[in-house]
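Step one of this worksheet: look at the structure below.
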Amino acid sequence: MLELHQIHKTYATPQGPLKVLEDVSFRLASGQSMALMGESGSGKSTLLHLAAGLDLPDQGNITLAGNNIASLSEPSRAKLRRENLGLVFQQFHLVPSLTVIDNLRLQARLAGRVNADWTAHLLERLGLTSLEKRYPEQLSGGQQQRLAIGRALAPRPPLLLADEPTGNLDETTAGEVLELLLSLVRETQCALLVVTHSQQVAAPLDHCVHLRHGQLINSAHV
């Protein structure tokens, strides 16, 4: 589903070139889950953005669902994301002017995959059935993140990328949201890549890779 091969990424800064990723390679098969761990500044979020085709590597190849991301135009990368990716971030990125139900349907509409039965099922699983006409500002933080997860999974993408999905939540709510996320991932059978610094988040996943100063230092079953 996702393969990164010898990825290098450097950014220009006033102090000179900043090497963010160096010779990073790993594979994530369909239906597998993986945690990407590392300290702040280790390159985790950069790697996730590259995997999503939101940025391009300086060197190396990224293959998503059989497509070499670097060979695609920006419109083609956007189409690839719509059809193959769900994205969940630490910040919820809900549309404030849309209701719960319209936020939930948004990604599926963009992908052309709205399914009324699946939407109703998601609302129930997210615990938001009675709140579908509310707006994001009327929800708690945990409810907003559950909605963001549901929106990402509404098109039933083959790959879900999540960047610190419980980072803005208290410990109890984070545990509940993580349990829901993993349950829905199992139900949809999508692959999952999670950027996290939390061992609690990493522990239930199939594999764990660690970044240190932009380099992959080990890969293991958690």
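Following the order of the structure tokens, chains are lettered A, B, ..., residues in each are numbered from 1, and ligands are numbered from 1.
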
Neighbours of Ala191 of chain A within 7 Å (only C-alpha atoms; same-chain residues fewer than 3 positions away dropped), as an mmCIF file with N, CA and C atoms, in the first residue's frame?
```cif
data_model
loop_
_atom_site.group_PDB
_atom_site.id
_atom_site.type_symbol
_atom_site.label_atom_id
_atom_site.label_comp_id
_atom_site.auth_asym_id
_atom_site.auth_seq_id
_atom_site.Cartn_x
_atom_site.Cartn_y
_atom_site.Cartn_z
ATOM 1 N N ALA A 29 2.046 -2.687 4.342
ATOM 2 C CA ALA A 29 1.173 -3.483 3.484
ATOM 3 C C ALA A 29 -0.293 -3.185 3.783
ATOM 4 N N SER A 30 -1.167 -3.555 2.878
ATOM 5 C CA SER A 30 -2.603 -3.372 3.062
ATOM 6 C C SER A 30 -3.049 -4.054 4.354
ATOM 7 N N GLY A 31 -3.838 -3.354 5.144
ATOM 8 C CA GLY A 31 -4.369 -3.906 6.379
ATOM 9 C C GLY A 31 -3.436 -3.858 7.566
ATOM 10 N N GLN A 32 -2.167 -3.466 7.383
ATOM 11 C CA GLN A 32 -1.218 -3.378 8.490
ATOM 12 C C GLN A 32 -1.313 -2.019 9.184
ATOM 13 N N SER A 33 -0.866 -1.988 10.438
ATOM 14 C CA SER A 33 -0.789 -0.733 11.179
ATOM 15 C C SER A 33 0.639 -0.519 11.654
ATOM 16 N N PRO A 158 -8.142 3.081 1.475
ATOM 17 C CA PRO A 158 -7.267 1.948 1.771
ATOM 18 C C PRO A 158 -6.130 2.285 2.737
ATOM 19 N N LEU A 159 -5.859 3.590 2.962
ATOM 20 C CA LEU A 159 -4.775 3.992 3.854
ATOM 21 C C LEU A 159 -5.213 5.191 4.676
ATOM 22 N N LEU A 160 -4.972 5.117 5.997
ATOM 23 C CA LEU A 160 -5.243 6.232 6.897
ATOM 24 C C LEU A 160 -3.923 6.708 7.492
#
```

Excluding Glu137 of chain A and its own-chain neighbours fewer than 5 positions away, which residues fall within 12 Å of it when counting only C-alpha atoms? Please give them as a list in words. Phe92, His93, Leu94, Val95, Pro96, Ser97, Leu98, Thr99, Val100, Leu131, Gly142, Gln143 and Gln144 of chain A

For segment 49-66 of chain A: contacts at 9 Å, only C-alpha atoms, fewer than 3 positions along chain excluded, given as an NGL selection string: :A and (1-10 or 21 or 23-25 or 44-46 or 69-70 or 74 or 77-78 or 80-81 or 84-85 or 87 or 158-159 or 161)

Given the selection you just returned, output its residues as a file containing C-alpha atoms, formatted as an mmCIF file, in the first residue's frame.
```
data_model
loop_
_atom_site.group_PDB
_atom_site.id
_atom_site.type_symbol
_atom_site.label_atom_id
_atom_site.label_comp_id
_atom_site.auth_asym_id
_atom_site.auth_seq_id
_atom_site.Cartn_x
_atom_site.Cartn_y
_atom_site.Cartn_z
ATOM 1 C CA MET A 1 0.000 0.000 0.000
ATOM 2 C CA LEU A 2 2.806 2.425 0.920
ATOM 3 C CA GLU A 3 6.533 2.118 0.258
ATOM 4 C CA LEU A 4 9.266 4.665 0.957
ATOM 5 C CA HIS A 5 12.683 3.930 -0.551
ATOM 6 C CA GLN A 6 15.848 5.838 0.412
ATOM 7 C CA ILE A 7 14.055 9.103 1.152
ATOM 8 C CA HIS A 8 16.106 12.279 1.677
ATOM 9 C CA LYS A 9 14.687 15.701 2.526
ATOM 10 C CA THR A 10 16.534 18.967 3.248
ATOM 11 C CA LEU A 21 15.341 12.996 6.551
ATOM 12 C CA ASP A 23 17.982 7.492 3.630
ATOM 13 C CA VAL A 24 14.632 6.452 5.145
ATOM 14 C CA SER A 25 13.006 3.264 3.828
ATOM 15 C CA LYS A 44 8.045 12.424 11.751
ATOM 16 C CA SER A 45 5.567 14.971 10.439
ATOM 17 C CA THR A 46 7.727 15.690 7.391
ATOM 18 C CA ILE A 69 4.129 10.075 -6.139
ATOM 19 C CA ALA A 70 7.080 12.065 -7.520
ATOM 20 C CA GLU A 74 -0.090 18.244 -8.179
ATOM 21 C CA ARG A 77 -1.473 13.805 -6.408
ATOM 22 C CA ALA A 78 -4.610 15.514 -5.086
ATOM 23 C CA LEU A 80 -4.640 10.136 -5.516
ATOM 24 C CA ARG A 81 -5.183 11.512 -1.996
ATOM 25 C CA ASN A 84 -6.717 6.476 -1.426
ATOM 26 C CA LEU A 85 -6.038 8.477 1.744
ATOM 27 C CA LEU A 87 -5.945 12.123 6.965
ATOM 28 C CA PRO A 158 -7.267 1.948 1.771
ATOM 29 C CA LEU A 159 -4.775 3.992 3.854
ATOM 30 C CA LEU A 161 -2.477 8.633 7.970
#
```

Of A:Leu180, A:Ala162, A:Val194, A:Ala116, the one sitting nearest Arg146 of chain A when using only C-alpha atoms is A:Leu180

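Proximity to Ala154 of chain A was assessed for A:Ser183, A:Asn168, A:Ser73, A:Thr188 counting only C-alpha atoms; the smallest distance is recorded for A:Thr188.
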
Using only C-alpha atoms, the shortest atom-to-atom distance to Arg125 of chain A among A:Asp102, A:Glu39, A:Glu83, A:Glu187 belongs to A:Glu187

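Proximity ranking of A:Leu110, A:Val20, A:Met37, A:Ala202 relative to Leu182 of chain A places A:Ala202 first, based on only C-alpha atoms.
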